[in-house]
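S.K.: Please find entry35.cif (mmCIF, C-alpha atoms) on the next line:
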```
data_final
loop_
_atom_site.label_atom_id
_atom_site.label_comp_id
_atom_site.auth_asym_id
_atom_site.auth_seq_id
_atom_site.Cartn_x
_atom_site.Cartn_y
_atom_site.Cartn_z
CA ARG A 94 16.46 -2.42 -28.33
CA ARG A 95 17.16 -0.09 -25.43
CA PRO A 96 18.31 -1.84 -22.23
CA LEU A 97 16.14 -1.05 -19.18
CA ASP A 98 17.34 -3.62 -16.66
CA GLU A 99 18.96 -7.02 -16.53
CA GLY A 100 17.08 -9.13 -19.08
CA VAL A 101 14.65 -6.29 -19.84
CA VAL A 102 14.65 -3.97 -22.87
CA GLU A 103 12.41 -1.47 -24.61
CA TYR A 104 11.48 -2.47 -28.14
CA ASP A 105 8.93 -0.80 -30.42
CA GLY A 106 7.36 1.15 -27.55
CA GLU A 107 6.94 -1.85 -25.25
CA VAL A 108 8.79 -3.47 -22.37
CA VAL A 109 9.97 -6.90 -23.53
CA LEU A 110 12.49 -9.55 -22.55
CA ALA A 111 16.02 -9.39 -23.82
CA ARG A 112 17.10 -12.09 -26.24
CA ASP A 113 19.25 -13.80 -23.61
CA ALA A 114 16.67 -13.63 -20.79
CA GLN A 115 15.92 -16.94 -19.08
CA PRO A 116 12.63 -16.63 -17.13
CA GLN A 117 12.68 -20.24 -15.95
CA ALA A 118 15.93 -19.60 -14.06
CA ASP A 119 15.25 -15.99 -13.03
CA PRO A 120 12.13 -15.59 -10.82
CA GLY A 121 12.95 -11.93 -10.13
CA LEU A 122 12.50 -11.14 -13.82
CA VAL A 123 8.75 -10.52 -13.41
CA LEU A 124 9.28 -7.69 -10.96
CA ARG A 125 12.12 -6.21 -13.03
CA VAL A 126 9.79 -6.13 -16.04
CA ALA A 127 7.05 -4.59 -13.89
CA ALA A 128 9.41 -1.98 -12.46
CA ALA A 129 10.61 -1.02 -15.94
CA SER A 130 7.01 -0.70 -17.15
CA ALA A 131 5.85 1.40 -14.19
CA ASP A 132 8.97 3.58 -14.27
CA THR A 133 8.81 4.34 -18.00
CA GLY A 134 5.04 4.21 -18.46
CA LEU A 135 5.49 1.76 -21.34
CA PRO A 136 3.16 -1.26 -21.60
CA ILE A 137 4.48 -4.77 -21.17
CA GLY A 138 4.44 -6.68 -24.45
CA ALA A 139 1.76 -9.38 -24.72
CA GLY A 140 4.34 -11.97 -25.78
CA THR A 141 6.50 -11.11 -22.78
CA LEU A 142 3.55 -11.52 -20.39
CA LYS A 143 2.70 -14.91 -21.88
CA ARG A 144 6.28 -16.11 -21.76
CA LEU A 145 6.63 -15.05 -18.13
CA ALA A 146 3.32 -16.65 -17.19
CA ASP A 147 4.30 -19.92 -18.89
CA SER A 148 7.85 -20.28 -17.65
CA VAL A 149 8.91 -18.04 -14.76
CA GLY A 150 9.52 -19.70 -11.40
CA ASP A 151 8.36 -18.62 -7.95
CA LEU A 152 10.40 -16.21 -5.89
CA PRO A 153 12.26 -17.75 -2.94
CA SER A 154 11.12 -16.93 0.58
CA PRO A 155 12.32 -14.54 1.85
CA TRP A 156 12.62 -12.46 -1.30
CA PRO A 157 16.00 -11.13 -2.41
CA ARG A 158 16.35 -7.45 -1.58
CA GLU A 159 16.42 -6.60 -5.29
CA ALA A 160 12.93 -8.08 -5.77
CA LEU A 161 11.51 -5.96 -2.94
CA ASP A 162 13.18 -2.88 -4.41
CA ASP A 163 11.55 -3.58 -7.78
CA LEU A 164 8.14 -3.98 -6.11
CA LEU A 165 8.61 -0.61 -4.40
CA VAL A 166 9.45 1.00 -7.75
CA VAL A 167 6.07 -0.22 -9.03
CA LEU A 168 4.12 0.92 -5.97
CA LEU A 169 5.77 4.35 -5.85
CA ALA A 170 5.53 5.03 -9.59
CA GLY A 171 2.18 6.82 -9.33
CA PRO A 172 -0.55 6.46 -11.98
CA THR A 173 1.54 4.21 -14.27
CA ALA A 174 1.38 1.50 -11.59
CA VAL A 175 -2.28 0.85 -12.45
CA ASN A 176 -1.69 -0.53 -15.95
CA THR A 177 1.41 -2.42 -14.83
CA ILE A 178 -0.36 -4.24 -12.00
CA GLU A 179 -3.46 -4.92 -14.09
CA SER A 180 -1.29 -6.41 -16.86
CA LEU A 181 0.33 -8.78 -14.39
CA ASP A 182 -3.01 -9.62 -12.79
CA ARG A 183 -4.70 -10.48 -16.09
CA THR A 184 -2.05 -13.08 -16.80
CA GLY A 185 -1.96 -14.57 -13.28
CA LEU A 186 1.48 -13.22 -12.46
CA TRP A 187 0.33 -10.80 -9.74
CA GLY A 188 -1.59 -13.58 -7.98
CA ARG A 189 1.54 -15.71 -7.96
CA ILE A 190 3.46 -12.89 -6.29
CA PHE A 191 0.60 -12.24 -3.82
CA PRO A 192 -1.65 -15.31 -3.45
CA GLU A 193 -3.71 -13.33 -0.92
CA TRP A 194 -4.88 -11.13 -3.82
CA ASP A 195 -7.32 -13.81 -5.01
CA ALA A 196 -9.81 -12.91 -2.23
CA VAL A 197 -10.04 -9.23 -3.24
CA ARG A 198 -9.84 -9.54 -7.04
CA ASP A 199 -12.93 -7.94 -8.62
CA LEU A 200 -14.57 -7.84 -5.17
CA PRO A 201 -17.43 -5.30 -5.18
CA PRO A 202 -17.35 -2.70 -2.40
CA ARG A 203 -19.82 -2.87 0.47
CA ASP A 204 -19.98 0.91 0.95
CA VAL A 205 -21.67 3.06 -1.69
CA SER A 206 -19.01 5.75 -1.22
CA HIS A 207 -16.44 3.47 -2.86
CA LYS A 208 -15.90 4.13 -6.55
CA TRP A 209 -13.79 1.06 -7.36
CA THR A 210 -13.74 -2.66 -6.75
CA VAL A 211 -11.60 -3.57 -3.75
CA ASP A 212 -8.56 -4.62 -5.77
CA ARG A 213 -8.61 -1.45 -7.87
CA HIS A 214 -9.16 0.64 -4.73
CA ILE A 215 -6.02 -0.88 -3.22
CA VAL A 216 -4.00 0.03 -6.30
CA GLU A 217 -5.47 3.54 -6.34
CA THR A 218 -4.48 3.92 -2.68
CA ALA A 219 -0.89 3.12 -3.61
CA VAL A 220 -1.11 5.68 -6.43
CA ASN A 221 -2.36 8.35 -4.02
CA ALA A 222 0.25 7.40 -1.40
CA ALA A 223 3.17 7.94 -3.80
CA PRO A 224 3.09 11.78 -3.63
CA LEU A 225 2.89 11.62 0.18
CA THR A 226 6.17 9.77 0.67
CA THR A 227 8.04 13.03 1.30
CA ARG A 228 5.96 13.44 4.47
CA VAL A 229 7.13 10.21 6.08
CA ALA A 230 10.48 8.80 7.12
CA ARG A 231 9.72 5.34 5.71
CA SER A 232 8.32 5.63 2.20
CA ASP A 233 8.74 1.87 1.74
CA LEU A 234 6.39 1.08 4.63
CA LEU A 235 3.85 3.62 3.39
CA ALA A 236 3.83 1.98 -0.06
CA LEU A 237 3.49 -1.52 1.38
CA GLY A 238 0.83 -0.39 3.86
CA ALA A 239 -1.18 1.07 0.99
CA LEU A 240 -0.91 -2.24 -0.87
CA LEU A 241 -1.98 -4.36 2.11
CA HIS A 242 -4.42 -2.15 4.01
CA ASP A 243 -7.55 -3.89 2.63
CA ILE A 244 -6.04 -7.31 1.95
CA GLY A 245 -8.29 -8.82 4.64
CA LYS A 246 -11.52 -8.00 2.78
CA GLY A 247 -13.60 -10.66 1.07
CA ARG A 248 -14.06 -12.75 4.23
CA VAL A 249 -16.70 -12.69 6.95
CA THR A 250 -14.41 -11.39 9.70
CA ASP A 251 -13.19 -7.85 10.46
CA HIS A 252 -10.90 -7.01 7.53
CA CYS A 253 -8.62 -4.88 9.72
CA VAL A 254 -7.96 -7.70 12.18
CA LEU A 255 -7.61 -10.40 9.52
CA GLY A 256 -5.52 -8.11 7.32
CA ALA A 257 -3.06 -7.54 10.16
CA GLU A 258 -2.78 -11.30 10.66
CA LEU A 259 -2.14 -11.85 6.95
CA THR A 260 0.43 -9.06 6.86
CA ILE A 261 2.95 -10.77 9.12
CA PRO A 262 3.61 -13.80 6.84
CA ILE A 263 3.55 -11.52 3.80
CA ALA A 264 6.14 -9.23 5.39
CA ASN A 265 8.29 -12.23 6.28
CA ARG A 266 8.01 -13.45 2.69
CA LEU A 267 9.11 -10.02 1.42
CA GLY A 268 12.17 -10.16 3.67
CA LEU A 269 11.23 -7.37 6.08
CA SER A 270 12.68 -7.22 9.57
CA ALA A 271 10.52 -8.27 12.52
CA GLN A 272 10.17 -4.64 13.61
CA ASP A 273 9.09 -3.48 10.15
CA ALA A 274 6.65 -6.39 9.92
CA ASP A 275 5.06 -5.33 13.22
CA THR A 276 4.81 -1.72 12.02
CA LEU A 277 3.23 -2.82 8.75
CA ALA A 278 0.73 -5.02 10.61
CA GLY A 279 -0.08 -2.05 12.85
CA MET A 280 -0.79 0.08 9.78
CA VAL A 281 -3.21 -2.51 8.42
CA ARG A 282 -4.86 -3.09 11.81
CA HIS A 283 -5.41 0.61 12.53
CA HIS A 284 -5.76 2.19 9.08
CA LEU A 285 -9.31 3.35 9.94
CA LEU A 286 -8.48 4.56 13.46
CA LEU A 287 -7.60 8.17 12.67
CA PRO A 288 -10.50 8.95 10.29
CA ILE A 289 -13.11 7.31 12.52
CA THR A 290 -11.82 8.96 15.69
CA ALA A 291 -11.46 12.37 14.07
CA ASN A 292 -15.00 12.26 12.67
CA ARG A 293 -16.85 10.72 15.59
CA SER A 294 -15.07 11.68 18.81
CA ASP A 295 -14.42 14.80 20.87
CA LEU A 296 -10.81 15.76 20.18
CA ASN A 297 -10.84 18.08 23.21
CA ASP A 298 -11.34 15.07 25.47
CA PRO A 299 -7.93 13.85 26.73
CA LYS A 300 -9.27 10.30 26.99
CA THR A 301 -9.90 10.27 23.23
CA ILE A 302 -6.30 11.22 22.49
CA GLU A 303 -4.89 8.85 25.08
CA SER A 304 -6.90 5.94 23.69
CA VAL A 305 -5.47 6.51 20.19
CA ALA A 306 -1.92 6.87 21.48
CA GLU A 307 -2.35 3.71 23.54
CA ALA A 308 -3.74 1.76 20.57
CA LEU A 309 -0.61 2.73 18.62
CA HIS A 310 1.63 1.79 21.56
CA GLY A 311 2.98 5.32 21.68
CA ASP A 312 4.76 4.85 18.34
CA PRO A 313 5.17 8.22 16.54
CA GLN A 314 6.42 6.52 13.36
CA LEU A 315 3.26 4.43 13.13
CA LEU A 316 1.20 7.58 13.73
CA GLU A 317 3.04 9.38 10.92
CA LEU A 318 2.47 6.50 8.50
CA LEU A 319 -1.21 6.19 9.41
CA HIS A 320 -1.69 9.92 8.85
CA ALA A 321 -0.46 9.63 5.25
CA LEU A 322 -2.28 6.34 4.67
CA ALA A 323 -5.59 7.85 5.84
CA GLU A 324 -5.29 10.56 3.20
CA ALA A 325 -4.32 8.15 0.42
CA ASP A 326 -7.10 5.72 1.37
CA SER A 327 -9.74 8.46 1.46
CA LYS A 328 -8.69 9.95 -1.88
CA ALA A 329 -8.81 6.49 -3.47
CA THR A 330 -12.33 5.83 -2.15
CA GLY A 331 -14.38 8.25 -4.20
CA PRO A 332 -15.29 11.88 -4.85
CA GLY A 333 -15.81 14.00 -1.75
CA VAL A 334 -14.50 11.44 0.73
CA TRP A 335 -11.38 13.53 1.37
CA SER A 336 -11.97 17.20 2.14
CA ASP A 337 -10.22 20.13 3.78
CA TRP A 338 -12.49 19.66 6.80
CA LYS A 339 -11.58 15.99 7.19
CA ALA A 340 -7.91 16.80 6.68
CA SER A 341 -8.01 19.46 9.41
CA LEU A 342 -9.71 17.10 11.88
CA ILE A 343 -7.15 14.34 11.32
CA GLU A 344 -4.30 16.84 11.46
CA ASP A 345 -5.57 18.09 14.83
CA LEU A 346 -5.88 14.53 16.13
CA VAL A 347 -2.36 13.65 14.98
CA ARG A 348 -0.93 16.81 16.55
CA ARG A 349 -2.52 16.01 19.89
CA CYS A 350 -1.38 12.38 19.74
CA ARG A 351 2.19 13.52 19.13
CA LEU A 352 2.02 15.66 22.26
CA VAL A 353 0.80 12.74 24.36
CA MET A 354 3.44 10.41 22.92
CA ALA A 355 6.12 13.00 23.74
CA GLY A 356 4.82 13.40 27.29
CA GLU A 357 3.77 17.00 26.78
CA PRO A 358 0.50 18.55 27.99
CA LEU A 359 -2.47 18.79 25.67
CA PRO A 360 -3.80 22.21 24.70
CA LYS A 361 -6.82 23.33 26.72
CA PRO A 362 -10.01 24.22 24.83
CA ASP A 363 -10.93 27.87 24.56
CA PRO A 364 -13.51 28.93 27.16
CA ILE A 365 -17.05 29.34 25.92
#
```
How does this structure look as structure tokens?
M.R.:
Amino acid sequence: RRPLDEGVVEYDGEVVLARDAQPQADPGLVLRVAAASADTGLPIGAGTLKRLADSVGDLPSPWPREALDDLLVVLLAGPTAVNTIESLDRTGLWGRIFPEWDAVRDLPPRDVSHKWTVDRHIVETAVNAAPLTTRVARSDLLALGALLHDIGKGRVTDHCVLGAELTIPIANRLGLSAQDADTLAGMVRHHLLLPITANRSDLNDPKTIESVAEALHGDPQLLELLHALAEADSKATGPGVWSDWKASLIEDLVRRCRLVMAGEPLPKPDPI
């Protein structure tokens, strides 16, 4: 038995509970097990999943910082996060951590360009966001934004608007600051803004750039996070959705928005 974390060990190629683990008195144990599984790539033992599902308690609200850190380990682990989250979801543990997940579980996509069900697409977005964390100042917000960007789907209303509304109580439950909660809600609300604007609008028109900057309240950090999220979201959608052409359009839009947010003049288009 090789210790991996408090109450968590590796045994016979699986992540299992230590002999002295007490799930009923340790609600953070689920996320420690998940973090160990995602970090090592080892599966969680079936007996461990059943024991956790039968006896572990609910996390307090707000979460302890250690629980949020363990969640971020899972989300930033890359491809190994898929099996870890699916293992928790099959046994009801993921839904207990995120009750909002019930609405998107196994939800078929509405757009034919989507390869996955909505829940799997969300996880794949987190997987694709992990390599992009070096491009942003707040890798934690990028990971959480990837997890929550489509959480509003499965209802009749605009999923961006509803998702932003759902994000605030989720962020409070996770123990985020009010400012980080607002940024995260802004990511969910505007996660389609950059791709749609870049593909459908004239980027040489100053009004286009000003409207995007105004929608983001002139926040360069939110712009940076949305830039990375747009790439992760597109790559997780399906083949051909992300391309060099789309990347160049969004890059140009982001560059122009940064100029406006900094109070600098926009470049003038070349004369015909």
S.K.: For Arg144 of chain A, which of A:Ala114, A:Ala257, A:Leu168, A:Ile289 is the closest residue, counting all atoms listed in the file?
M.R.: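 For Arg144 of chain A, the nearest of the given residues is A:Ala114.
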S.K.: Using all atoms listed in the file, can you list as number ranges by chain the residues within 12 Å of (7.6, 5.0, -17.8)?
M.R.: A: 97, 103, 106-108, 126-137, 166-167, 170-177
S.K.: List the spatial neighbours of Leu316 of chain A as a list in words - criterion: any atom at most 10 Å away, all atoms listed in the file, same-chain residues fewer than 2 positions off excluded.
M.R.: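 Contacts, in chain order: Gly279, Met280, His283, His284, Leu287, Val305, Ala306, Leu309, His310, Gly311, Asp312, Pro313, Gln314, Leu318, Leu319, His320, Ala321, Leu322, Val347, Arg348, Cys350, Arg351 and Met354 of chain A.
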S.K.: Selected by the PyMOL selection byres ((chain A and resi 210) around 7) in the shown coordinates: which residues, as a CSV table (one decimal) with C-alpha atoms, in the coordinates of the input?
M.R.:
```csv
chain,number,residue,atom,x,y,z
A,199,ASP,CA,-12.9,-7.9,-8.6
A,200,LEU,CA,-14.6,-7.8,-5.2
A,201,PRO,CA,-17.4,-5.3,-5.2
A,202,PRO,CA,-17.4,-2.7,-2.4
A,209,TRP,CA,-13.8,1.1,-7.4
A,211,VAL,CA,-11.6,-3.6,-3.8
A,212,ASP,CA,-8.6,-4.6,-5.8
A,213,ARG,CA,-8.6,-1.4,-7.9
A,214,HIS,CA,-9.2,0.6,-4.7
```
S.K.: Using Å and a single decimal, report how far atom CA of Ala219 of chain A sits from atom CA of Leu165 of chain A.
M.R.: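 Spanning atom CA of Leu165 of chain A to atom CA of Ala219 of chain A is a straight-line distance of 10.2 Å.
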S.K.: Between atom CA of Ala274 of chain A and atom CA of Arg349 of chain A, measure the distance and give it in Å to one decimal.
M.R.: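 Separating atom CA of Ala274 of chain A from atom CA of Arg349 of chain A is a distance of 26.2 Å.
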S.K.: Can you give me, as JSON, numbers by chain, the residues this file yields under the PyMOL selection byres ((chain A and resi 290) around 12)?
M.R.: {"A": [283, 284, 285, 286, 287, 288, 289, 291, 292, 293, 294, 295, 296, 297, 298, 300, 301, 302, 303, 304, 305, 306, 308, 323, 339, 342, 343, 344, 345, 346, 347, 350]}
S.K.: Export C-alpha atoms of the chosen residues as a tab-separated table (two decimals), in the coordinates of the input?
M.R.:
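So result-v6.tsv came out as:
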```tsv
chain	number	residue	atom	x	y	z
A	283	HIS	CA	-5.41	0.61	12.53
A	284	HIS	CA	-5.76	2.19	9.08
A	285	LEU	CA	-9.31	3.35	9.94
A	286	LEU	CA	-8.48	4.56	13.46
A	287	LEU	CA	-7.60	8.17	12.67
A	288	PRO	CA	-10.50	8.95	10.29
A	289	ILE	CA	-13.11	7.31	12.52
A	291	ALA	CA	-11.46	12.37	14.07
A	292	ASN	CA	-15.00	12.26	12.67
A	293	ARG	CA	-16.85	10.72	15.59
A	294	SER	CA	-15.07	11.68	18.81
A	295	ASP	CA	-14.42	14.80	20.87
A	296	LEU	CA	-10.81	15.76	20.18
A	297	ASN	CA	-10.84	18.08	23.21
A	298	ASP	CA	-11.34	15.07	25.47
A	300	LYS	CA	-9.27	10.30	26.99
A	301	THR	CA	-9.90	10.27	23.23
A	302	ILE	CA	-6.30	11.22	22.49
A	303	GLU	CA	-4.89	8.85	25.08
A	304	SER	CA	-6.90	5.94	23.69
A	305	VAL	CA	-5.47	6.51	20.19
A	306	ALA	CA	-1.92	6.87	21.48
A	308	ALA	CA	-3.74	1.76	20.57
A	323	ALA	CA	-5.59	7.85	5.84
A	339	LYS	CA	-11.58	15.99	7.19
A	342	LEU	CA	-9.71	17.10	11.88
A	343	ILE	CA	-7.15	14.34	11.32
A	344	GLU	CA	-4.30	16.84	11.46
A	345	ASP	CA	-5.57	18.09	14.83
A	346	LEU	CA	-5.88	14.53	16.13
A	347	VAL	CA	-2.36	13.65	14.98
A	350	CYS	CA	-1.38	12.38	19.74
```
S.K.: In Å, with one decimal, what is the gap from atom CA of Arg231 of chain A to atom CA of Lys208 of chain A?
M.R.: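 Computing the Euclidean distance for atom CA of Arg231 of chain A and atom CA of Lys208 of chain A yields 28.4 Å.
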S.K.: For a quick check of understanding, using all atoms listed in the file, which of A:Asn265, A:Gln272, A:Ser232, A:Ser180 has the smallest distance to Asp162 of chain A?
M.R.: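 Residue with the minimum atom-to-atom distance to Asp162 of chain A: A:Ser232.
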S.K.: Complete the atom set of segment 247-258 of chain A to all heavy atoms and return it as a PDB file, in the frame of the given file.
M.R.:
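Result went into rebuild.pdb, see below:
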```
ATOM      1  N   GLY A 247     -13.164  -9.483   1.809  1.00  0.00           N
ATOM      2  CA  GLY A 247     -13.600 -10.660   1.070  1.00  0.00           C
ATOM      3  C   GLY A 247     -13.866 -11.852   1.960  1.00  0.00           C
ATOM      4  O   GLY A 247     -14.193 -12.942   1.469  1.00  0.00           O
ATOM      5  N   ARG A 248     -13.746 -11.683   3.281  1.00  0.00           N
ATOM      6  CA  ARG A 248     -14.060 -12.750   4.230  1.00  0.00           C
ATOM      7  C   ARG A 248     -15.117 -12.216   5.197  1.00  0.00           C
ATOM      8  O   ARG A 248     -15.452 -11.045   5.185  1.00  0.00           O
ATOM      9  CB  ARG A 248     -12.824 -13.171   5.022  1.00  0.00           C
ATOM     10  CG  ARG A 248     -11.758 -13.911   4.207  1.00  0.00           C
ATOM     11  CD  ARG A 248     -10.802 -12.975   3.559  1.00  0.00           C
ATOM     12  NE  ARG A 248      -9.563 -13.628   3.144  1.00  0.00           N
ATOM     13  CZ  ARG A 248      -8.574 -13.000   2.540  1.00  0.00           C
ATOM     14  NH1 ARG A 248      -8.669 -11.707   2.270  1.00  0.00           N
ATOM     15  NH2 ARG A 248      -7.483 -13.654   2.197  1.00  0.00           N
ATOM     16  N   VAL A 249     -15.603 -13.084   6.059  1.00  0.00           N
ATOM     17  CA  VAL A 249     -16.700 -12.690   6.950  1.00  0.00           C
ATOM     18  C   VAL A 249     -16.216 -11.953   8.186  1.00  0.00           C
ATOM     19  O   VAL A 249     -17.008 -11.327   8.881  1.00  0.00           O
ATOM     20  CB  VAL A 249     -17.522 -13.926   7.374  1.00  0.00           C
ATOM     21  CG1 VAL A 249     -18.208 -14.537   6.174  1.00  0.00           C
ATOM     22  CG2 VAL A 249     -16.641 -14.960   8.067  1.00  0.00           C
ATOM     23  N   THR A 250     -14.931 -12.003   8.490  1.00  0.00           N
ATOM     24  CA  THR A 250     -14.410 -11.390   9.700  1.00  0.00           C
ATOM     25  C   THR A 250     -13.995  -9.944   9.458  1.00  0.00           C
ATOM     26  O   THR A 250     -13.989  -9.472   8.316  1.00  0.00           O
ATOM     27  CB  THR A 250     -13.210 -12.203  10.232  1.00  0.00           C
ATOM     28  OG1 THR A 250     -12.810 -11.704  11.508  1.00  0.00           O
ATOM     29  CG2 THR A 250     -12.043 -12.125   9.269  1.00  0.00           C
ATOM     30  N   ASP A 251     -13.651  -9.235  10.527  1.00  0.00           N
ATOM     31  CA  ASP A 251     -13.190  -7.850  10.460  1.00  0.00           C
ATOM     32  C   ASP A 251     -11.939  -7.781   9.578  1.00  0.00           C
ATOM     33  O   ASP A 251     -10.918  -8.400   9.883  1.00  0.00           O
ATOM     34  CB  ASP A 251     -12.878  -7.349  11.864  1.00  0.00           C
ATOM     35  CG  ASP A 251     -12.492  -5.874  11.896  1.00  0.00           C
ATOM     36  OD1 ASP A 251     -12.039  -5.338  10.871  1.00  0.00           O
ATOM     37  OD2 ASP A 251     -12.622  -5.252  12.968  1.00  0.00           O
ATOM     38  N   HIS A 252     -12.017  -7.002   8.489  1.00  0.00           N
ATOM     39  CA  HIS A 252     -10.900  -7.010   7.530  1.00  0.00           C
ATOM     40  C   HIS A 252      -9.647  -6.373   8.112  1.00  0.00           C
ATOM     41  O   HIS A 252      -8.534  -6.674   7.659  1.00  0.00           O
ATOM     42  CB  HIS A 252     -11.312  -6.327   6.232  1.00  0.00           C
ATOM     43  CG  HIS A 252     -11.289  -4.837   6.265  1.00  0.00           C
ATOM     44  ND1 HIS A 252     -12.302  -4.078   6.808  1.00  0.00           N
ATOM     45  CD2 HIS A 252     -10.372  -3.934   5.811  1.00  0.00           C
ATOM     46  CE1 HIS A 252     -12.018  -2.807   6.686  1.00  0.00           C
ATOM     47  NE2 HIS A 252     -10.856  -2.677   6.079  1.00  0.00           N
ATOM     48  N   CYS A 253      -9.802  -5.486   9.098  1.00  0.00           N
ATOM     49  CA  CYS A 253      -8.620  -4.880   9.720  1.00  0.00           C
ATOM     50  C   CYS A 253      -7.854  -5.904  10.548  1.00  0.00           C
ATOM     51  O   CYS A 253      -6.616  -5.980  10.496  1.00  0.00           O
ATOM     52  CB  CYS A 253      -9.026  -3.696  10.593  1.00  0.00           C
ATOM     53  SG  CYS A 253      -9.777  -2.319   9.693  1.00  0.00           S
ATOM     54  N   VAL A 254      -8.593  -6.693  11.327  1.00  0.00           N
ATOM     55  CA  VAL A 254      -7.960  -7.700  12.180  1.00  0.00           C
ATOM     56  C   VAL A 254      -7.350  -8.808  11.316  1.00  0.00           C
ATOM     57  O   VAL A 254      -6.182  -9.192  11.494  1.00  0.00           O
ATOM     58  CB  VAL A 254      -8.991  -8.294  13.162  1.00  0.00           C
ATOM     59  CG1 VAL A 254      -8.374  -9.426  13.973  1.00  0.00           C
ATOM     60  CG2 VAL A 254      -9.518  -7.208  14.094  1.00  0.00           C
ATOM     61  N   LEU A 255      -8.133  -9.330  10.377  1.00  0.00           N
ATOM     62  CA  LEU A 255      -7.610 -10.400   9.520  1.00  0.00           C
ATOM     63  C   LEU A 255      -6.464  -9.892   8.664  1.00  0.00           C
ATOM     64  O   LEU A 255      -5.457 -10.589   8.471  1.00  0.00           O
ATOM     65  CB  LEU A 255      -8.735 -10.931   8.628  1.00  0.00           C
ATOM     66  CG  LEU A 255      -8.319 -12.021   7.631  1.00  0.00           C
ATOM     67  CD1 LEU A 255      -7.740 -13.227   8.353  1.00  0.00           C
ATOM     68  CD2 LEU A 255      -9.505 -12.439   6.760  1.00  0.00           C
ATOM     69  N   GLY A 256      -6.589  -8.664   8.147  1.00  0.00           N
ATOM     70  CA  GLY A 256      -5.520  -8.110   7.320  1.00  0.00           C
ATOM     71  C   GLY A 256      -4.209  -8.017   8.074  1.00  0.00           C
ATOM     72  O   GLY A 256      -3.136  -8.302   7.514  1.00  0.00           O
ATOM     73  N   ALA A 257      -4.281  -7.623   9.348  1.00  0.00           N
ATOM     74  CA  ALA A 257      -3.060  -7.540  10.160  1.00  0.00           C
ATOM     75  C   ALA A 257      -2.442  -8.918  10.346  1.00  0.00           C
ATOM     76  O   ALA A 257      -1.208  -9.071  10.322  1.00  0.00           O
ATOM     77  CB  ALA A 257      -3.374  -6.914  11.509  1.00  0.00           C
ATOM     78  N   GLU A 258      -3.296  -9.937  10.507  1.00  0.00           N
ATOM     79  CA  GLU A 258      -2.780 -11.300  10.660  1.00  0.00           C
ATOM     80  C   GLU A 258      -2.122 -11.783   9.372  1.00  0.00           C
ATOM     81  O   GLU A 258      -1.081 -12.453   9.407  1.00  0.00           O
ATOM     82  CB  GLU A 258      -3.919 -12.245  11.053  1.00  0.00           C
ATOM     83  CG  GLU A 258      -4.500 -11.962  12.437  1.00  0.00           C
ATOM     84  CD  GLU A 258      -5.727 -12.806  12.727  1.00  0.00           C
ATOM     85  OE1 GLU A 258      -6.166 -13.561  11.822  1.00  0.00           O
ATOM     86  OE2 GLU A 258      -6.252 -12.728  13.852  1.00  0.00           O
TER      87      GLU A 258
END
```
